[in-house]
Each structure stands twice: as structure tokens, then as C-alpha cells.
Amino acid sequence: MSIDQKLVAIQGDAPVNAGAIVYFSCVDVAQEPLRAAWSVEGLDVDLLPAIRRPLICLRDAMAGCVRSVGIRGGKFFGAEVGATEFSVDVRDLARQSGVVAVCDVATEADSDKQRTISRAAFGKVGALFDHSADQLVVSGEIQPDIIREAYRTARSLIHHSSLANMLANRVMDRLDGVSLRETGGVYYIPPHSIALWDRVSRALTAVGCKLYQIPAMQGEHACAAILDAVQREAGLLADTLTDTLVESELGPRALQGKVAVCDKALQKLERYETLLGANLEAIRARIGSLSVGYGEAAITALAGLDGLLGD
């Protein structure tokens with residue numbers, strides 16, 4: 001059977017499940033409704049991302065408040081000063097104690113003027129920061145309550161970028177999926193993972209995200225795209241593992257972990273060989289060699305550790 005026939009076959013009038021092409025658009029989601037929808041589908045809650053760190057939430061909240069009051073950068077022209085450029089930026093305060101929004105002003109006569117728009121610092125309890133919204137110390141042109149409320153909202157949501165990263169990495173890893181584009185965004189999911197993807201899709205759709213699924217289509221180019229994606233992913237992994245093996249001084253446990261990574265990649269390659277009827281011997285041999293190399297390095301490192309403990 002050819003690769004094309006292997007990927008999409010017809011048995012009587014019923015098409016065989018050949019996998020799917022998927023892509024998605026995520027939104028900011030409250031943590032509890034997401035966990036509830038995830039649990040309804042029986043999915044592993046450990047896959048879900050956490051709410052971002054307080055400083056990151058405060059940084060985004062401040063940036064959103066600055067935009068909401070109409071403060072933006074740009075280039076303007078005046079009869080007296082000529083061209084004037086404004087750039088608005090949100091920067092961290094010292095020791096990650098908060099953030100400040102500033103407007104840098106550059107004219108033909110003076111390129112080093114700066115105006116503080118607003119400043120928000122975390123409160124303190126003894127020597128520790130208090131990351132609650134009510135304890136934010138706010139000053140500047142934007143009303144404190146506006147910044148506090150924006151920060152409170154940010155601290156209650158799982159950011160859309162965190163959800164997209166979860167789908168592109170941890171979930172695709174569980175699904176045996178591969179990115180069809182080097183930059184990500186469009187993925188192929190093999191037949192044996194469609195049921196799991198459907199559960200993920202239902203859970204995220206229930207909280208406002210949009211997930212799209214297109215059945216894999218028959219055609220030489222479709223098969224070639226999937227095969228290229230599998231080889232590209234494995235090649236990038238092999239490059240990273242090679243650099244790490246040559247340059248890093250890992251301990252026995254970390255080295256054994258890399259052996260597990262290699263073995264997992266080999267199993268995935270074997271499944272795609274079966275699915276596509278393709279020969280991936282070259283990349284399998286490369287990753288297999290790396291697995292052996294990491295295994296030998298782990299044994300050597302463990303022997304060295306035993307020697308130190310013996311001394």
C-alpha cells in the first residue's frame with residue numbers, strides 16, 4: 001500500500017479515520033471554570049497552565065490601563081520643535097517590586113526627556129511583598145482603582161498565551177501530534193489520538209476558546225507535509241540533544257532523563273512509520289545513537305559519583 005493509500009483509505013462507503021488537521025484560537029479564561037470543564041472530560045488537570053506570576057500580571061495590567069486612557073506612542077510635527085517622537089513603555093521597578101509606565105520624548109533639540117505616567121508597587125508585609133490588589137501602592141496619572149481592578153482581573157485568569165502554549169506543547173505531546181509549519185499554529189493529529197483531541201476541544205470550547213478540526217485529506221502533498229513535519233521535529237530534537245551531550249555537564253539523573261526523551265521520540269517515529277508506510281531509518285538511527293551516548297554518559301557519571309562517595 002502506498003503512503004497515500006495508507007493515510008486515507010476507503011472501506012466500502014465508510015471512510016477510515018485518517019487523523020485531522022487542527023488549529024486553535026485561545027482566550028483568557030478563569031481558572032475554576034476551566035478546571036471544571038477539563039475534569040468533566042476526564043482530562044489530566046496537571047496539563048493545565050498556572051496563572052502567571054504577579055509581576056507579569058501587573059505589567060500587563062498597567063499596559064492595558066495606559067492603552068485604555070488613550071496614551072500611545074507616535075511621531076508628531078510642531079512648528080517650534082520640529083519632529084517629536086513619543087514612546088510608551090512599561091518597565092519593572094528595582095527588585096521586581098512593581099512596575100512603572102513611562103513616556104519617552106525625543107525632539108530634534110532634546111533626545112532625553114522622560115515622563116512618568118503611572119507607578120504601581122506591591123505592598124509589603126515585613127520583608128515580603130504582598131501581591132494582593134488591595135495593597136498596591138499606585139501613583140501617577142491613572143486612577144489607582146483602575147489599575148488595581150485590572151491587576152485583580154489579570155490575577156484571576158489563565159492567559160490565552162499560556163493556553164496556546166499548553167496546546168502546542170504538552171497536549172500535542174500527549175496526542176502524538178506534529179506541527180505542519182515551522183512556526184507552529186497548524187498541527188496534524190494521527191487517528192489514534194482523535195478521541196482525546198475531541199475531549200480537549202469540548203473542554204476548551206466550553207470556556208470560550210475556538211478549536212478547529214479538518215479531516216486529513218487524500219493526496220500526495222498532504223502525506224508529504226506530514227512526513228516532512230515528523231522528520232523536522234525529530235531533527236530539531238536530535239540537534240538539541242547533540243548540543244546538550246557535547247556541551248553540558250549533566251548529572252546521572254538528568255542524563256537518564258535524556259535517554260527517556262530519546263526512547264519516547266523513537267517510539268513516536270515508529271508509530272508514524274506504520275501510519276504512513278514510510279522509512280524513517282536515518283533519523284531513527286541518529287536518535288538511537290544519541291540514546292546510547294546518553295546512557296553511556298549516565299553510567300560514567302554514576303560511577304564517578306560512587307567514587308566520590310566512596311572516598
# chains A, B, ... in the order shown; residues from 1 in each chain; ligands from 1

$ select_by_dssp --residues "stretch 86-245 of chain A" --states "strand (DSSP E or B)" --output "VMD selection string"
chain A and resid 86 to 92 98 to 107 113 to 121 123 to 125 128 to 130 137 to 140 157 to 158 178 to 179 187 to 189 210 to 215

$ write_last_selection --atoms "N, CA and C atoms" --output "CSV table (one decimal), in the first residue's frame"
chain,number,residue,atom,x,y,z
A,86,PHE,N,7.2,60.1,20.6
A,86,PHE,CA,6.8,59.6,21.9
A,86,PHE,C,6.8,58.1,21.9
A,87,SER,N,7.4,57.5,22.9
A,87,SER,CA,7.3,56.0,23.0
A,87,SER,C,6.9,55.7,24.4
A,88,VAL,N,5.9,54.9,24.6
A,88,VAL,CA,5.3,54.5,25.9
A,88,VAL,C,5.8,53.1,26.2
A,89,ASP,N,6.3,52.9,27.4
A,89,ASP,CA,6.9,51.6,27.8
A,89,ASP,C,6.5,51.3,29.3
A,90,VAL,N,6.3,50.0,29.6
A,90,VAL,CA,6.1,49.6,31.0
A,90,VAL,C,7.4,48.8,31.4
A,91,ARG,N,8.0,49.3,32.5
A,91,ARG,CA,9.2,48.7,33.0
A,91,ARG,C,9.1,48.2,34.4
A,92,ASP,N,9.9,47.3,34.7
A,92,ASP,CA,9.9,46.7,36.1
A,92,ASP,C,10.7,47.7,37.0
A,98,GLY,N,7.5,46.1,41.5
A,98,GLY,CA,6.3,46.7,40.9
A,98,GLY,C,6.7,47.1,39.4
A,99,VAL,N,5.9,48.0,38.9
A,99,VAL,CA,6.1,48.4,37.5
A,99,VAL,C,5.9,49.9,37.4
A,100,VAL,N,6.4,50.5,36.4
A,100,VAL,CA,6.2,51.9,36.1
A,100,VAL,C,6.0,52.1,34.6
A,101,ALA,N,5.0,52.9,34.2
A,101,ALA,CA,4.7,53.2,32.8
A,101,ALA,C,5.3,54.6,32.6
A,102,VAL,N,6.2,54.7,31.6
A,102,VAL,CA,6.9,55.9,31.3
A,102,VAL,C,6.7,56.3,29.8
A,103,CYS,N,6.7,57.6,29.5
A,103,CYS,CA,6.7,58.1,28.2
A,103,CYS,C,8.0,58.8,27.9
A,104,ASP,N,8.7,58.2,26.9
A,104,ASP,CA,10.0,58.8,26.5
A,104,ASP,C,9.7,59.8,25.4
A,105,VAL,N,10.3,61.0,25.5
A,105,VAL,CA,10.0,62.1,24.5
A,105,VAL,C,11.4,62.4,23.8
A,106,ALA,N,11.4,62.4,22.5
A,106,ALA,CA,12.6,62.8,21.8
A,106,ALA,C,12.3,63.8,20.7
A,107,THR,N,13.0,65.0,20.8
A,107,THR,CA,12.8,66.0,19.8
A,107,THR,C,14.2,66.2,19.1
A,113,LYS,N,14.2,63.1,27.3
A,113,LYS,CA,13.2,63.6,28.2
A,113,LYS,C,12.3,62.4,28.5
A,114,GLN,N,11.8,62.3,29.8
A,114,GLN,CA,11.0,61.2,30.2
A,114,GLN,C,9.9,61.6,31.1
A,115,ARG,N,8.7,61.1,31.0
A,115,ARG,CA,7.6,61.5,31.9
A,115,ARG,C,7.0,60.2,32.4
A,116,THR,N,6.9,60.2,33.7
A,116,THR,CA,6.2,59.0,34.4
A,116,THR,C,4.7,59.2,34.2
A,117,ILE,N,4.1,58.1,33.7
A,117,ILE,CA,2.6,58.1,33.5
A,117,ILE,C,2.0,57.6,34.8
A,118,SER,N,2.4,56.4,35.2
A,118,SER,CA,1.9,55.8,36.4
A,118,SER,C,2.9,54.8,37.0
A,119,ARG,N,2.7,54.6,38.3
A,119,ARG,CA,3.6,53.7,39.0
A,119,ARG,C,2.8,52.9,40.0
A,120,ALA,N,3.1,51.6,40.0
A,120,ALA,CA,2.4,50.7,40.9
A,120,ALA,C,3.4,49.7,41.5
A,121,ALA,N,3.4,49.7,42.9
A,121,ALA,CA,4.3,48.9,43.6
A,121,ALA,C,3.6,48.0,44.5
A,123,GLY,N,2.6,46.1,47.9
A,123,GLY,CA,2.8,46.4,49.3
A,123,GLY,C,3.7,45.4,50.0
A,124,LYS,N,4.0,45.6,51.2
A,124,LYS,CA,4.9,44.7,51.9
A,124,LYS,C,4.3,44.3,53.3
A,125,VAL,N,4.6,43.0,53.6
A,125,VAL,CA,4.3,42.5,55.0
A,125,VAL,C,5.6,42.1,55.5
A,128,LEU,N,8.5,40.8,53.1
A,128,LEU,CA,7.9,40.1,52.0
A,128,LEU,C,7.0,41.0,51.2
A,129,PHE,N,6.9,40.8,49.9
A,129,PHE,CA,5.9,41.5,49.1
A,129,PHE,C,4.5,40.9,49.3
A,130,ASP,N,3.5,41.8,49.4
A,130,ASP,CA,2.1,41.4,49.4
A,130,ASP,C,1.6,41.6,48.0
A,137,VAL,N,0.5,50.0,45.8
A,137,VAL,CA,0.7,51.4,46.1
A,137,VAL,C,0.8,52.1,44.7
A,138,VAL,N,-0.2,52.9,44.3
A,138,VAL,CA,-0.3,53.4,43.0
A,138,VAL,C,-0.2,55.0,43.0
A,139,SER,N,0.5,55.5,42.1
A,139,SER,CA,0.6,57.0,41.9
A,139,SER,C,0.7,57.3,40.4
A,140,GLY,N,0.4,58.6,40.1
A,140,GLY,CA,0.5,59.0,38.7
A,140,GLY,C,-0.8,59.4,38.1
A,157,LEU,N,-7.2,35.1,35.9
A,157,LEU,CA,-7.3,34.5,34.6
A,157,LEU,C,-6.1,33.7,34.2
A,158,ILE,N,-6.3,32.6,33.5
A,158,ILE,CA,-5.2,31.9,32.8
A,158,ILE,C,-5.1,32.6,31.4
A,178,VAL,N,2.1,16.6,15.4
A,178,VAL,CA,3.2,17.3,14.8
A,178,VAL,C,2.8,18.6,14.2
A,179,SER,N,3.7,19.6,14.3
A,179,SER,CA,3.4,20.9,13.7
A,179,SER,C,3.7,20.9,12.2
A,187,TYR,N,-1.5,21.9,13.1
A,187,TYR,CA,-1.0,20.6,13.5
A,187,TYR,C,-1.7,19.4,12.9
A,188,TYR,N,-1.0,18.3,12.8
A,188,TYR,CA,-1.6,17.1,12.4
A,188,TYR,C,-1.7,16.2,13.6
A,189,ILE,N,-2.9,15.6,13.7
A,189,ILE,CA,-3.1,14.6,14.8
A,189,ILE,C,-3.5,13.3,14.2
A,210,LYS,N,-11.7,28.7,20.7
A,210,LYS,CA,-12.1,28.2,19.4
A,210,LYS,C,-11.1,27.2,18.9
A,211,LEU,N,-11.5,25.9,18.7
A,211,LEU,CA,-10.6,24.9,18.2
A,211,LEU,C,-11.3,24.3,16.9
A,212,TYR,N,-10.5,24.2,15.9
A,212,TYR,CA,-11.0,23.8,14.6
A,212,TYR,C,-10.3,22.5,14.2
A,213,GLN,N,-11.1,21.6,13.5
A,213,GLN,CA,-10.6,20.3,13.1
A,213,GLN,C,-11.1,20.0,11.7
A,214,ILE,N,-10.1,19.7,10.8
A,214,ILE,CA,-10.4,19.4,9.4
A,214,ILE,C,-9.9,18.0,9.2
A,215,PRO,N,-10.8,17.1,8.7
A,215,PRO,CA,-10.3,15.7,8.4
A,215,PRO,C,-9.1,15.7,7.5

$ select_by_dssp --residues "stretch 109-252 of chain A" --states "helix (DSSP H, G or I)" --output "PyMOL selection string"
chain A and resi 133-135+144-154+160-175+191-205+220-247+252

$ closest_residue --among "A:Gln143, A:Thr153, A:Thr242, A:Ser161" --to "A:Val66" --atoms "only C-alpha atoms"
A:Gln143

$ residues_around --residues "A:Cys65" --least-positions-apart "4" --cutoff "8 Å" --atoms "only C-alpha atoms" --output "ChimeraX atom specification"
/A:61,69,142,146-147,150

$ write_last_selection --atoms "N, CA and C atoms" --output "PDB file, in the first residue's frame"
ATOM      1  N   ALA A  61      -1.415  44.456  33.228  1.00  0.00           N
ATOM      2  CA  ALA A  61      -2.495  45.317  33.695  1.00  0.00           C
ATOM      3  C   ALA A  61      -2.153  46.787  33.469  1.00  0.00           C
ATOM      4  N   VAL A  69      -6.623  54.601  28.459  1.00  0.00           N
ATOM      5  CA  VAL A  69      -6.807  56.044  28.640  1.00  0.00           C
ATOM      6  C   VAL A  69      -6.281  56.831  27.445  1.00  0.00           C
ATOM      7  N   ILE A 142      -3.059  57.790  36.173  1.00  0.00           N
ATOM      8  CA  ILE A 142      -4.184  56.864  36.053  1.00  0.00           C
ATOM      9  C   ILE A 142      -4.740  56.588  37.441  1.00  0.00           C
ATOM     10  N   ILE A 146      -8.486  51.932  38.968  1.00  0.00           N
ATOM     11  CA  ILE A 146      -8.488  51.356  37.623  1.00  0.00           C
ATOM     12  C   ILE A 146      -7.363  50.333  37.490  1.00  0.00           C
ATOM     13  N   ILE A 147      -6.179  50.691  37.992  1.00  0.00           N
ATOM     14  CA  ILE A 147      -5.035  49.783  37.916  1.00  0.00           C
ATOM     15  C   ILE A 147      -5.244  48.575  38.818  1.00  0.00           C
ATOM     16  N   ALA A 150      -7.696  46.178  37.165  1.00  0.00           N
ATOM     17  CA  ALA A 150      -7.089  45.484  36.023  1.00  0.00           C
ATOM     18  C   ALA A 150      -6.134  44.398  36.493  1.00  0.00           C
TER      19      ALA A 150
END

$ atom_distance --atom1 "atom CA of A:Leu236" --atom2 "atom CA of A:Ala216"
24.5 Å

$ closest_atom_pairs --of "stretch 207-265 of chain A" --to "stretch 291-306 of chain A" --cutoff "10 Å" --atoms "only C-alpha atoms" --output "tab-separated table"
residue	atom	partner	partner_atom	distance
A:Leu241	CA	A:Tyr294	CA	9.1
A:Thr242	CA	A:Gly293	CA	9.5
A:Thr244	CA	A:Tyr294	CA	9.8
A:Leu245	CA	A:Tyr294	CA	7.0
A:Glu249	CA	A:Ala301	CA	9.3
A:Leu250	CA	A:Ala301	CA	8.3
A:Gly251	CA	A:Ala301	CA	6.4
A:Pro252	CA	A:Ala298	CA	4.7
A:Arg253	CA	A:Ala298	CA	7.4
A:Ala254	CA	A:Ala298	CA	8.2
A:Leu255	CA	A:Ala298	CA	5.3
A:Gln256	CA	A:Ala298	CA	6.0
A:Gly257	CA	A:Tyr294	CA	8.9
A:Lys258	CA	A:Tyr294	CA	6.6
A:Val259	CA	A:Ser291	CA	5.0
A:Ala260	CA	A:Ser291	CA	8.0
A:Val261	CA	A:Ser291	CA	8.3
A:Cys262	CA	A:Ser291	CA	5.4
A:Asp263	CA	A:Ser291	CA	7.0

$ residues_around --residues "A:Ile283" --least-positions-apart "2" --cutoff "12 Å" --atoms "only C-alpha atoms" --output "list in words"
Asp228, Val230, Gln231, Arg232, Glu233, Ala234, Gly235, Leu236, Leu237, Ala238, Asp239, Cys262, Ala265, Leu266, Lys268, Leu269, Glu270, Glu273, Asn279, Leu280, Glu281, Ala285, Arg286, Ile287, Gly288, Ser289 and Leu290 of chain A

$ write_last_selection --atoms "N, CA and C atoms" --output "PDB file, in the first residue's frame"
ATOM      1  N   ASP A 228       7.260  15.376   6.289  1.00  0.00           N
ATOM      2  CA  ASP A 228       8.257  16.428   6.499  1.00  0.00           C
ATOM      3  C   ASP A 228       8.193  16.953   7.931  1.00  0.00           C
ATOM      4  N   VAL A 230       7.175  15.384  10.653  1.00  0.00           N
ATOM      5  CA  VAL A 230       7.720  14.391  11.583  1.00  0.00           C
ATOM      6  C   VAL A 230       9.247  14.416  11.548  1.00  0.00           C
ATOM      7  N   GLN A 231       9.817  14.458  10.351  1.00  0.00           N
ATOM      8  CA  GLN A 231      11.274  14.467  10.223  1.00  0.00           C
ATOM      9  C   GLN A 231      11.874  15.758  10.757  1.00  0.00           C
ATOM     10  N   ARG A 232      11.192  16.885  10.529  1.00  0.00           N
ATOM     11  CA  ARG A 232      11.693  18.178  11.028  1.00  0.00           C
ATOM     12  C   ARG A 232      11.703  18.196  12.553  1.00  0.00           C
ATOM     13  N   GLU A 233      10.621  17.737  13.160  1.00  0.00           N
ATOM     14  CA  GLU A 233      10.536  17.716  14.618  1.00  0.00           C
ATOM     15  C   GLU A 233      11.630  16.823  15.216  1.00  0.00           C
ATOM     16  N   ALA A 234      11.795  15.639  14.651  1.00  0.00           N
ATOM     17  CA  ALA A 234      12.812  14.717  15.167  1.00  0.00           C
ATOM     18  C   ALA A 234      14.214  15.269  14.940  1.00  0.00           C
ATOM     19  N   GLY A 235      14.431  15.935  13.800  1.00  0.00           N
ATOM     20  CA  GLY A 235      15.740  16.511  13.519  1.00  0.00           C
ATOM     21  C   GLY A 235      16.098  17.626  14.485  1.00  0.00           C
ATOM     22  N   LEU A 236      15.138  18.479  14.796  1.00  0.00           N
ATOM     23  CA  LEU A 236      15.382  19.559  15.753  1.00  0.00           C
ATOM     24  C   LEU A 236      15.686  18.995  17.134  1.00  0.00           C
ATOM     25  N   LEU A 237      14.960  17.953  17.521  1.00  0.00           N
ATOM     26  CA  LEU A 237      15.234  17.310  18.806  1.00  0.00           C
ATOM     27  C   LEU A 237      16.635  16.724  18.828  1.00  0.00           C
ATOM     28  N   ALA A 238      17.018  16.063  17.743  1.00  0.00           N
ATOM     29  CA  ALA A 238      18.351  15.469  17.672  1.00  0.00           C
ATOM     30  C   ALA A 238      19.437  16.534  17.749  1.00  0.00           C
ATOM     31  N   ASP A 239      19.221  17.680  17.098  1.00  0.00           N
ATOM     32  CA  ASP A 239      20.195  18.775  17.166  1.00  0.00           C
ATOM     33  C   ASP A 239      20.369  19.257  18.604  1.00  0.00           C
ATOM     34  N   CYS A 262      14.882  10.318  24.311  1.00  0.00           N
ATOM     35  CA  CYS A 262      15.252   9.643  23.059  1.00  0.00           C
ATOM     36  C   CYS A 262      14.332   8.460  22.776  1.00  0.00           C
ATOM     37  N   ALA A 265      10.926   9.555  21.614  1.00  0.00           N
ATOM     38  CA  ALA A 265      10.959  10.027  20.226  1.00  0.00           C
ATOM     39  C   ALA A 265      11.034   8.853  19.254  1.00  0.00           C
ATOM     40  N   LEU A 266      11.804   7.833  19.594  1.00  0.00           N
ATOM     41  CA  LEU A 266      11.911   6.652  18.737  1.00  0.00           C
ATOM     42  C   LEU A 266      10.566   5.939  18.605  1.00  0.00           C
ATOM     43  N   LYS A 268       7.624   7.306  18.850  1.00  0.00           N
ATOM     44  CA  LYS A 268       6.759   8.135  18.010  1.00  0.00           C
ATOM     45  C   LYS A 268       7.104   7.955  16.542  1.00  0.00           C
ATOM     46  N   LEU A 269       8.391   7.910  16.215  1.00  0.00           N
ATOM     47  CA  LEU A 269       8.813   7.701  14.835  1.00  0.00           C
ATOM     48  C   LEU A 269       8.320   6.360  14.307  1.00  0.00           C
ATOM     49  N   GLU A 270       8.384   5.337  15.131  1.00  0.00           N
ATOM     50  CA  GLU A 270       7.914   4.016  14.709  1.00  0.00           C
ATOM     51  C   GLU A 270       6.415   4.031  14.419  1.00  0.00           C
ATOM     52  N   GLU A 273       5.953   5.699  11.100  1.00  0.00           N
ATOM     53  CA  GLU A 273       6.366   4.797  10.016  1.00  0.00           C
ATOM     54  C   GLU A 273       5.228   3.842   9.667  1.00  0.00           C
ATOM     55  N   ASN A 279       9.787   5.131   5.450  1.00  0.00           N
ATOM     56  CA  ASN A 279      11.041   4.683   6.048  1.00  0.00           C
ATOM     57  C   ASN A 279      11.739   5.882   6.703  1.00  0.00           C
ATOM     58  N   LEU A 280      11.815   5.871   8.023  1.00  0.00           N
ATOM     59  CA  LEU A 280      12.468   6.944   8.775  1.00  0.00           C
ATOM     60  C   LEU A 280      13.736   6.430   9.462  1.00  0.00           C
ATOM     61  N   GLU A 281      14.385   5.491   8.792  1.00  0.00           N
ATOM     62  CA  GLU A 281      15.525   4.812   9.395  1.00  0.00           C
ATOM     63  C   GLU A 281      16.667   5.782   9.734  1.00  0.00           C
ATOM     64  N   ALA A 285      18.061   6.172  13.438  1.00  0.00           N
ATOM     65  CA  ALA A 285      19.425   5.766  13.767  1.00  0.00           C
ATOM     66  C   ALA A 285      20.157   6.876  14.520  1.00  0.00           C
ATOM     67  N   ARG A 286      19.919   8.116  14.114  1.00  0.00           N
ATOM     68  CA  ARG A 286      20.585   9.247  14.769  1.00  0.00           C
ATOM     69  C   ARG A 286      20.138   9.384  16.225  1.00  0.00           C
ATOM     70  N   ILE A 287      18.836   9.308  16.447  1.00  0.00           N
ATOM     71  CA  ILE A 287      18.332   9.438  17.809  1.00  0.00           C
ATOM     72  C   ILE A 287      18.695   8.205  18.638  1.00  0.00           C
ATOM     73  N   GLY A 288      18.709   7.028  18.000  1.00  0.00           N
ATOM     74  CA  GLY A 288      19.136   5.822  18.703  1.00  0.00           C
ATOM     75  C   GLY A 288      20.571   5.927  19.175  1.00  0.00           C
ATOM     76  N   SER A 289      21.431   6.504  18.338  1.00  0.00           N
ATOM     77  CA  SER A 289      22.827   6.703  18.713  1.00  0.00           C
ATOM     78  C   SER A 289      22.951   7.663  19.892  1.00  0.00           C
ATOM     79  N   LEU A 290      22.112   8.714  19.885  1.00  0.00           N
ATOM     80  CA  LEU A 290      22.126   9.658  20.999  1.00  0.00           C
ATOM     81  C   LEU A 290      21.660   8.989  22.288  1.00  0.00           C
TER      82      LEU A 290
END

$ closest_atom_pairs --of "stretch 140-259 of chain A" --to "stretch 42-54 of chain A" --cutoff "9 Å" --atoms "only C-alpha atoms" --output "CSV"
residue,atom,partner,partner_atom,distance
A:Tyr151,CA,A:Pro54,CA,8.6
A:Ala154,CA,A:Arg52,CA,8.5
A:Arg155,CA,A:Ile51,CA,6.7
A:Ser156,CA,A:Ile51,CA,7.3
A:Leu157,CA,A:Ile51,CA,6.3
A:Ile158,CA,A:Ile51,CA,4.9
A:His159,CA,A:Ile51,CA,7.1
A:Ser162,CA,A:Pro49,CA,6.2
A:Leu163,CA,A:Pro49,CA,6.7
A:Asn165,CA,A:Pro49,CA,8.7
A:Met166,CA,A:Pro49,CA,6.7
A:Arg170,CA,A:Leu47,CA,6.7
A:Val171,CA,A:Leu47,CA,7.3
A:Leu196,CA,A:Leu43,CA,8.6
A:Arg199,CA,A:Leu43,CA,7.7
A:Val200,CA,A:Leu43,CA,7.5
A:Ala203,CA,A:Leu43,CA,8.9

$ atom_distance --atom1 "atom CA of A:Arg202" --atom2 "atom CA of A:Asp176"
18.9 Å

$ residues_around --residues "A:Ser201" --least-positions-apart "3" --cutoff "12 Å" --atoms "only C-alpha atoms" --output "number ranges by chain"
A: 22-26, 37-38, 41, 43, 167, 171, 194-198, 204-213

$ write_last_selection --atoms "N, CA and C atoms" --output "short mmCIF file (atom, residue, chain, number, x, y, z; two decimals), in the first residue's frame"
data_model
loop_
_atom_site.label_atom_id
_atom_site.label_comp_id
_atom_site.auth_asym_id
_atom_site.auth_seq_id
_atom_site.Cartn_x
_atom_site.Cartn_y
_atom_site.Cartn_z
N VAL A 22 -5.56 20.38 12.73
CA VAL A 22 -6.22 21.20 13.74
C VAL A 22 -5.49 22.52 13.92
N TYR A 23 -6.24 23.53 14.34
CA TYR A 23 -5.66 24.81 14.75
C TYR A 23 -6.61 25.43 15.76
N PHE A 24 -6.18 26.48 16.44
CA PHE A 24 -6.97 26.97 17.56
C PHE A 24 -6.71 28.45 17.83
N SER A 25 -7.67 29.05 18.53
CA SER A 25 -7.57 30.44 18.98
C SER A 25 -8.04 30.48 20.43
N CYS A 26 -7.17 30.89 21.34
CA CYS A 26 -7.48 30.84 22.77
C CYS A 26 -7.82 32.22 23.31
N ALA A 37 -14.47 22.31 33.45
CA ALA A 37 -14.72 21.77 32.11
C ALA A 37 -13.72 20.68 31.77
N TRP A 38 -12.49 20.87 32.20
CA TRP A 38 -11.42 19.89 31.96
C TRP A 38 -11.73 18.58 32.68
N GLU A 41 -14.45 16.24 31.20
CA GLU A 41 -13.98 15.40 30.10
C GLU A 41 -12.97 14.34 30.55
N LEU A 43 -9.96 14.77 31.75
CA LEU A 43 -8.61 15.10 31.31
C LEU A 43 -7.69 15.34 32.50
N LEU A 167 -1.45 23.81 24.51
CA LEU A 167 -1.92 23.02 23.39
C LEU A 167 -0.79 22.65 22.44
N VAL A 171 -0.08 19.23 25.24
CA VAL A 171 -1.19 18.46 24.68
C VAL A 171 -0.78 17.76 23.40
N ILE A 194 -7.51 11.09 17.93
CA ILE A 194 -8.65 11.95 17.64
C ILE A 194 -9.64 12.00 18.81
N ALA A 195 -9.89 10.87 19.44
CA ALA A 195 -10.85 10.84 20.55
C ALA A 195 -10.38 11.75 21.69
N LEU A 196 -9.09 11.72 22.00
CA LEU A 196 -8.56 12.57 23.06
C LEU A 196 -8.63 14.04 22.66
N TRP A 197 -8.33 14.35 21.39
CA TRP A 197 -8.43 15.73 20.93
C TRP A 197 -9.88 16.23 21.04
N ASP A 198 -10.84 15.38 20.73
CA ASP A 198 -12.24 15.77 20.83
C ASP A 198 -12.59 16.18 22.25
N LEU A 204 -12.26 23.10 26.11
CA LEU A 204 -11.83 24.47 25.87
C LEU A 204 -12.91 25.29 25.16
N THR A 205 -13.69 24.65 24.30
CA THR A 205 -14.80 25.35 23.66
C THR A 205 -15.82 25.81 24.70
N ALA A 206 -16.00 25.01 25.74
CA ALA A 206 -16.97 25.33 26.80
C ALA A 206 -16.60 26.61 27.55
N VAL A 207 -15.34 27.01 27.51
CA VAL A 207 -14.92 28.23 28.22
C VAL A 207 -14.55 29.35 27.27
N GLY A 208 -14.94 29.22 25.99
CA GLY A 208 -14.82 30.33 25.07
C GLY A 208 -13.70 30.27 24.04
N CYS A 209 -12.83 29.26 24.11
CA CYS A 209 -11.78 29.12 23.10
C CYS A 209 -12.38 28.54 21.82
N LYS A 210 -11.67 28.69 20.72
CA LYS A 210 -12.11 28.15 19.45
C LYS A 210 -11.08 27.16 18.93
N LEU A 211 -11.51 25.93 18.72
CA LEU A 211 -10.64 24.88 18.21
C LEU A 211 -11.27 24.32 16.94
N TYR A 212 -10.46 24.20 15.91
CA TYR A 212 -10.95 23.79 14.60
C TYR A 212 -10.31 22.47 14.19
N GLN A 213 -11.10 21.64 13.53
CA GLN A 213 -10.63 20.31 13.11
C GLN A 213 -11.08 20.03 11.70
#
